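Novice: Have a look at this one.
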Amino acid sequence: MDGRPNTAPAEQGEMVSQSMVAPAEEFSDDLNGNWSSEDKTLNEARIRAREKRRLRKSSSRDSGRESLSDANGDTKNGSASPSKPGYDRRSRSGKGRGLPKKGGAGGKGVWGAPGQVYDDEENVDTRDPNYDDDQGDCFYETVVPELDGETLEKSVAPIVKEYFEHGDTKEVLLQLQDLNLGKHEPELSVLAVSLSLEGRASHRELTSRLLSDLCHRALSKRQLATAFDKLLGNLGELLLDTPDASQMLGQFVARAMADDILPADFLESHKGRVACVHARAALDRASVLLGIKRSIMKLDNVWGVGGGQRPVKHLIKEMNLLLKEYLASEDVAEAEHCLKDLEVPHFYHELVYEAVVMVLESSKETTLQMMVKLLKAFWDSGVLTIDQMNRGFERVFASMDDLILDVPLAHSILEHFMDNCLKEGVISKQLHCQCPSRGRKRMVSEGDGGQLKPC
C-alpha cells in the first residue's frame with residue numbers, strides 16, 4: 001500500500017483510511033467518466049472488503065509474532081512451558097491470543113477449570129421434565145414385571161420339578177416371592193397338578209402337600225377352586241397323556257377337601273352343571289372317597305407313602321406280596337411294574353434277599369426256576385444292578401446259620417439255585433465262589449465202634 005512499511009498498531013487506523021481513499025482517487029476518472037452509479041457502489045464495496053481482509057491477515061501475523069516473542073522471553077527467564085509441545089494448551093496456529101481453550105477447562109478428560117468445586121444445585125428448575133415436588137423424600141423400589149402366560153410355565157415348571165426332588169415347600173415359597181404372578185396365581189396350582197399327573201405317586205403326594213402349604217400364604221381357597229375348575233375343563237387334554245387322569249383328579253379334589261383348602265360347597269356347586277363325562281367321573285370319585293367312613297384319616301394316604309418315606313417293615317411286606325403274586329400269576333411285567341411303583345431303587349436288594357429265602361423255604365424246583373426267570377428279567381431290564389444283586393445274596397450268606405435251622409438242606413438248595421443263576425448270567429463267578437458250603441464232619445471217630453455218623 002503506497003510502498004510504506006507497516007507502522008505500529010496505533011497508526012493502523014490512519015493507514016487504513018489512507019489506503020481506502022487512494023484507490024478511490026486513482027480510479028476516480030474512470031468511475032466519473034464511464035461507469036454508472038451502481039457500478040461505482042459495487043466497486044467501492046469490493047475495494048473495502050479487500051482492504052479489510054488484508055488488514056485482518058496483517059493483524060494475525062503481528063499477534064503471532066508477539067506471542068512468539070513472549071514465549072522466547074519467558075524461556076530466557078527460566079519459566080518456559082514443558083519441553084513437549086503436547087502439554088502447551090495455547091494455540092500454535094498463529095491465531096487467537098495464545099491462551100488455553102476455555103480457561104484450561106476444555107479438552108478430553110477434563111472435569112472443569114482447576115480449583116472449581118461443584119456444589120449441590122439449590123435452585124431447582126421447576127420446568128425440568130424430571131422435576132418432582134417430593135423428590136426430597138423420594139424412595140426407589142425394585143419393580144418386578146408381571147409374568148404373562150408364556151413366561152409363567154418357563155419360570156414355574158423348573159421350580160415344581162426341583163420340588164419333586166427335594167420336597168421342601170419352604171424353598172418353593174422363597175422362590176415364588178421373587179416372581180410376580182399377578183392374575184396368573186391360579187396357574188401355579190394347575191401347572192403343579194398337571195406335572196404330577198405325568199409323574200409318580202410320590203409326586204402327587206408332594207403336590208397335595210404343596211397345595212396345602214401354599215393355601216393362606218401364596219394362594220387363597222377361591223384361587224385354588226378356580227385352578228381345579230380349569231383342570232376339570234382341561235381334563236380331555238390331560239387324558240391324552242394320562243389315561244387315569246379323571247380318577248387321579250378326583251383324588252386330588254378329595255384330598256384338597258380333606259385338607260380344608262377348597263370351599264366346602266365345591267362339590268355341591270358342580271352337581272348337574274358339568275357337561276364333560278370325564279369331569280363328572282372325577283367329581284364322582286371325589287364324592288365316593290369323601291363318603292367313606294373316617295375318610296379324612298384315610299385320605300392322608302390316598303397316594304400312599306412316597307418312596308423312602310415308607311417304613312421298612314411296610315416295604316418288606318410289599319415285596320413279599322409282590323413275589324407271591326408273581327408265583328401265582330407268572331406275570332413278569334406286572335411284577336416289574338409293582339416294583340417300580342414302590343419307588344425305592346436303593347432297597348431292591350431286599351427283593352433279591354426275599355426271593356432267595358422263598359426258594360430255600362419252598363424247596364421246590366418250580367419255585368426255583370421261576371425265581372431265576374424273574375431275576376433274569378429284572379437283570380436284563382436294568383431294574384436290578386450288580387450292586388443290589390450282590391448285596392442281596394451276601395445278606396443270604398450272612399443269615400445261613402439261622403436259615404439252616406428251619407431248612408436243613410439250605411446249603412444244597414442255595415448251591416443249586418446259584419448254579420442256575422450263574423448259567424443265566426444273573427450273578428458273577430466271583431459271587432458264585434463266595435457261596436457257603438456245609439462244613440465237613442468226620443464220618444468215623446475213635447471209640448464209636450466203626451459206626452457211621454449221620455450228616
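Identifiers in the C-alpha cells: chain A, B, ... in order shown; residue index from 1 per chain; ligand index from 1 in order shown.
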Fewer than 2 positions away in the same chain doesn't count, so skip those; otherwise give me all residues within 10 Å of Phe252 (chain A), counting only C-alpha atoms, as number ranges by chain.
Specialist: A: 193, 204-205, 207-208, 228, 246-250, 254-258, 282, 285-286, 299, 302-303
Novice: Pick the closest to Thr226 (chain A) from A:Glu424, A:Glu185, A:Asp331, A:Asp125: which is it, counting only C-alpha atoms?
Specialist: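 Looking at the shortest contact to Thr226 (chain A), the residue is A:Glu185.
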Novice: Name all residues at most 12 Å from Met400 (chain A) (count only C-alpha atoms; drop same-chain ones fewer than 6 positions away) and give them as a list in words.
Specialist: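 With the cut-off at 12 Å, the set is Tyr353, Val356, Val357, Leu360, Phe393, Glu394, Asp406, Val407, Pro408, Leu409, Ala410, His411, Ser412, Ile413, Leu414, Cys435, Pro436, Ser437 and Arg438 of chain A.
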Novice: Report as JSON lines the residues of region 171-197 of chain A within 7 Å of region 141-159 of chain A, each with its shortest atom pair and distance in Å (one decimal), using only C-alpha atoms, ordered by chain and increasing residue number.
Specialist:
```
{"residue": "A:Val172", "atom": "CA", "partner": "A:Ile159", "partner_atom": "CA", "distance": 6.8}
{"residue": "A:Asn180", "atom": "CA", "partner": "A:Glu146", "partner_atom": "CA", "distance": 4.8}
{"residue": "A:Leu181", "atom": "CA", "partner": "A:Leu147", "partner_atom": "CA", "distance": 5.6}
{"residue": "A:Gly182", "atom": "CA", "partner": "A:Glu146", "partner_atom": "CA", "distance": 5.9}
```
Novice: Got a sec to tell me which of region 284-429 of chain A DSSP assigns to helix (DSSP H, G or I), as a count of residues only?
Specialist: 116
Novice: For CA of Ala227 (chain A) and CA of Cys215 (chain A), determine how far apart the two atoms are, in Å to one decimal place.
Specialist: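 Pair CA of Ala227 (chain A) / CA of Cys215 (chain A) returns 12.4 Å.
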Novice: Need to verify the contact set: Leu238 (chain A), 8 Å, only C-alpha atoms, exclusion of same-chain residues closer than 5 positions in sequence. Can you return it as a list in words?
Specialist: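 Here the qualifying residues turn out to be Ser194, Pro243 and Ala245 of chain A.
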Novice: Residues near Ser381 (chain A), anyone? I mean within 12 Å using only C-alpha atoms, not counting same-chain ones fewer than 3 positions away, as a PDB file with all heavy atoms, in the first residue's frame.
Specialist:
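Wrote part.pdb, looks like this:
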```
ATOM      1  N   VAL A 332     -44.295-111.459  34.642  1.00  0.00           N
ATOM      2  CA  VAL A 332     -43.073-110.717  34.949  1.00  0.00           C
ATOM      3  C   VAL A 332     -43.287-109.214  34.789  1.00  0.00           C
ATOM      4  O   VAL A 332     -42.792-108.408  35.588  1.00  0.00           O
ATOM      5  CB  VAL A 332     -41.924-111.200  34.051  1.00  0.00           C
ATOM      6  CG1 VAL A 332     -40.648-110.399  34.304  1.00  0.00           C
ATOM      7  CG2 VAL A 332     -41.671-112.691  34.262  1.00  0.00           C
ATOM      8  N   ALA A 333     -44.039-108.811  33.776  1.00  0.00           N
ATOM      9  CA  ALA A 333     -44.261-107.377  33.521  1.00  0.00           C
ATOM     10  C   ALA A 333     -45.009-106.721  34.676  1.00  0.00           C
ATOM     11  O   ALA A 333     -44.691-105.597  35.091  1.00  0.00           O
ATOM     12  CB  ALA A 333     -45.033-107.190  32.215  1.00  0.00           C
ATOM     13  N   GLU A 336     -42.657-106.299  37.613  1.00  0.00           N
ATOM     14  CA  GLU A 336     -41.743-105.164  37.414  1.00  0.00           C
ATOM     15  C   GLU A 336     -42.456-103.843  37.636  1.00  0.00           C
ATOM     16  O   GLU A 336     -41.895-102.904  38.220  1.00  0.00           O
ATOM     17  CB  GLU A 336     -41.167-105.222  36.000  1.00  0.00           C
ATOM     18  CG  GLU A 336     -40.162-104.132  35.700  1.00  0.00           C
ATOM     19  CD  GLU A 336     -39.560-104.273  34.314  1.00  0.00           C
ATOM     20  OE1 GLU A 336     -39.781-105.319  33.676  1.00  0.00           O
ATOM     21  OE2 GLU A 336     -38.872-103.321  33.872  1.00  0.00           O
ATOM     22  N   HIS A 337     -43.717-103.753  37.167  1.00  0.00           N
ATOM     23  CA  HIS A 337     -44.495-102.520  37.365  1.00  0.00           C
ATOM     24  C   HIS A 337     -44.740-102.257  38.852  1.00  0.00           C
ATOM     25  O   HIS A 337     -44.603-101.115  39.324  1.00  0.00           O
ATOM     26  CB  HIS A 337     -45.823-102.646  36.624  1.00  0.00           C
ATOM     27  CG  HIS A 337     -46.732-101.471  36.808  1.00  0.00           C
ATOM     28  ND1 HIS A 337     -46.493-100.234  36.246  1.00  0.00           N
ATOM     29  CD2 HIS A 337     -47.888-101.336  37.523  1.00  0.00           C
ATOM     30  CE1 HIS A 337     -47.443 -99.394  36.586  1.00  0.00           C
ATOM     31  NE2 HIS A 337     -48.309-100.032  37.363  1.00  0.00           N
ATOM     32  N   LYS A 340     -41.479-101.032  40.546  1.00  0.00           N
ATOM     33  CA  LYS A 340     -41.161 -99.635  40.254  1.00  0.00           C
ATOM     34  C   LYS A 340     -42.090 -98.680  40.988  1.00  0.00           C
ATOM     35  O   LYS A 340     -41.685 -97.557  41.324  1.00  0.00           O
ATOM     36  CB  LYS A 340     -41.230 -99.390  38.748  1.00  0.00           C
ATOM     37  CG  LYS A 340     -40.107-100.051  37.964  1.00  0.00           C
ATOM     38  CD  LYS A 340     -40.221 -99.730  36.482  1.00  0.00           C
ATOM     39  CE  LYS A 340     -39.067-100.347  35.699  1.00  0.00           C
ATOM     40  NZ  LYS A 340     -39.159-100.064  34.243  1.00  0.00           N
ATOM     41  N   LEU A 374     -37.387-114.615  37.040  1.00  0.00           N
ATOM     42  CA  LEU A 374     -37.710-113.244  37.469  1.00  0.00           C
ATOM     43  C   LEU A 374     -36.444-112.407  37.633  1.00  0.00           C
ATOM     44  O   LEU A 374     -36.381-111.259  37.160  1.00  0.00           O
ATOM     45  CB  LEU A 374     -38.489-113.296  38.785  1.00  0.00           C
ATOM     46  CG  LEU A 374     -38.907-111.952  39.369  1.00  0.00           C
ATOM     47  CD1 LEU A 374     -39.895-111.269  38.444  1.00  0.00           C
ATOM     48  CD2 LEU A 374     -39.495-112.118  40.766  1.00  0.00           C
ATOM     49  N   LEU A 375     -35.429-112.949  38.295  1.00  0.00           N
ATOM     50  CA  LEU A 375     -34.187-112.200  38.485  1.00  0.00           C
ATOM     51  C   LEU A 375     -33.502-111.943  37.136  1.00  0.00           C
ATOM     52  O   LEU A 375     -32.892-110.882  36.937  1.00  0.00           O
ATOM     53  CB  LEU A 375     -33.248-112.968  39.416  1.00  0.00           C
ATOM     54  CG  LEU A 375     -33.728-113.123  40.865  1.00  0.00           C
ATOM     55  CD1 LEU A 375     -32.703-113.913  41.677  1.00  0.00           C
ATOM     56  CD2 LEU A 375     -33.989-111.767  41.510  1.00  0.00           C
ATOM     57  N   LYS A 376     -33.601-112.904  36.231  1.00  0.00           N
ATOM     58  CA  LYS A 376     -33.031-112.718  34.891  1.00  0.00           C
ATOM     59  C   LYS A 376     -33.726-111.564  34.160  1.00  0.00           C
ATOM     60  O   LYS A 376     -33.067-110.735  33.515  1.00  0.00           O
ATOM     61  CB  LYS A 376     -33.183-114.016  34.106  1.00  0.00           C
ATOM     62  CG  LYS A 376     -32.821-113.929  32.628  1.00  0.00           C
ATOM     63  CD  LYS A 376     -31.348-113.672  32.414  1.00  0.00           C
ATOM     64  CE  LYS A 376     -31.002-113.737  30.926  1.00  0.00           C
ATOM     65  NZ  LYS A 376     -29.599-113.390  30.659  1.00  0.00           N
ATOM     66  N   ALA A 377     -35.066-111.492  34.266  1.00  0.00           N
ATOM     67  CA  ALA A 377     -35.808-110.407  33.609  1.00  0.00           C
ATOM     68  C   ALA A 377     -35.452-109.051  34.211  1.00  0.00           C
ATOM     69  O   ALA A 377     -35.257-108.062  33.489  1.00  0.00           O
ATOM     70  CB  ALA A 377     -37.311-110.669  33.718  1.00  0.00           C
ATOM     71  N   PHE A 378     -35.367-108.990  35.541  1.00  0.00           N
ATOM     72  CA  PHE A 378     -35.006-107.726  36.194  1.00  0.00           C
ATOM     73  C   PHE A 378     -33.566-107.327  35.856  1.00  0.00           C
ATOM     74  O   PHE A 378     -33.256-106.138  35.732  1.00  0.00           O
ATOM     75  CB  PHE A 378     -35.168-107.850  37.705  1.00  0.00           C
ATOM     76  CG  PHE A 378     -36.598-107.861  38.159  1.00  0.00           C
ATOM     77  CD1 PHE A 378     -36.931-108.174  39.467  1.00  0.00           C
ATOM     78  CD2 PHE A 378     -37.630-107.567  37.274  1.00  0.00           C
ATOM     79  CE1 PHE A 378     -38.251-108.180  39.889  1.00  0.00           C
ATOM     80  CE2 PHE A 378     -38.947-107.576  37.687  1.00  0.00           C
ATOM     81  CZ  PHE A 378     -39.256-107.883  38.988  1.00  0.00           C
ATOM     82  N   LEU A 384     -32.515-104.284  38.354  1.00  0.00           N
ATOM     83  CA  LEU A 384     -31.560-104.703  39.380  1.00  0.00           C
ATOM     84  C   LEU A 384     -30.143-104.479  38.875  1.00  0.00           C
ATOM     85  O   LEU A 384     -29.805-104.883  37.751  1.00  0.00           O
ATOM     86  CB  LEU A 384     -31.762-106.182  39.718  1.00  0.00           C
ATOM     87  CG  LEU A 384     -33.020-106.541  40.517  1.00  0.00           C
ATOM     88  CD1 LEU A 384     -33.122-108.051  40.702  1.00  0.00           C
ATOM     89  CD2 LEU A 384     -33.028-105.853  41.868  1.00  0.00           C
ATOM     90  N   THR A 385     -29.348-103.843  39.685  1.00  0.00           N
ATOM     91  CA  THR A 385     -27.940-103.613  39.344  1.00  0.00           C
ATOM     92  C   THR A 385     -27.076-104.690  39.986  1.00  0.00           C
ATOM     93  O   THR A 385     -27.536-105.462  40.844  1.00  0.00           O
ATOM     94  CB  THR A 385     -27.493-102.225  39.826  1.00  0.00           C
ATOM     95  OG1 THR A 385     -27.590-102.173  41.261  1.00  0.00           O
ATOM     96  CG2 THR A 385     -28.364-101.136  39.225  1.00  0.00           C
ATOM     97  N   VAL A 426     -26.951-114.110  35.658  1.00  0.00           N
ATOM     98  CA  VAL A 426     -27.535-113.172  36.618  1.00  0.00           C
ATOM     99  C   VAL A 426     -26.493-112.732  37.643  1.00  0.00           C
ATOM    100  O   VAL A 426     -26.472-111.571  38.069  1.00  0.00           O
ATOM    101  CB  VAL A 426     -28.752-113.810  37.310  1.00  0.00           C
ATOM    102  CG1 VAL A 426     -29.316-112.871  38.374  1.00  0.00           C
ATOM    103  CG2 VAL A 426     -29.818-114.142  36.281  1.00  0.00           C
TER     104      VAL A 426
END
```
Novice: Ranking A:Ala225, A:Leu321, A:Ile47, A:Leu339 by minimum distance to Asp265 (chain A) and counting only C-alpha atoms, which one comes first?
Specialist: A:Ala225
Novice: In Å, rounded to a single decimal, give me how far CA of Leu232 (chain A) is from CA of Leu210 (chain A).
Specialist: 19.6 Å
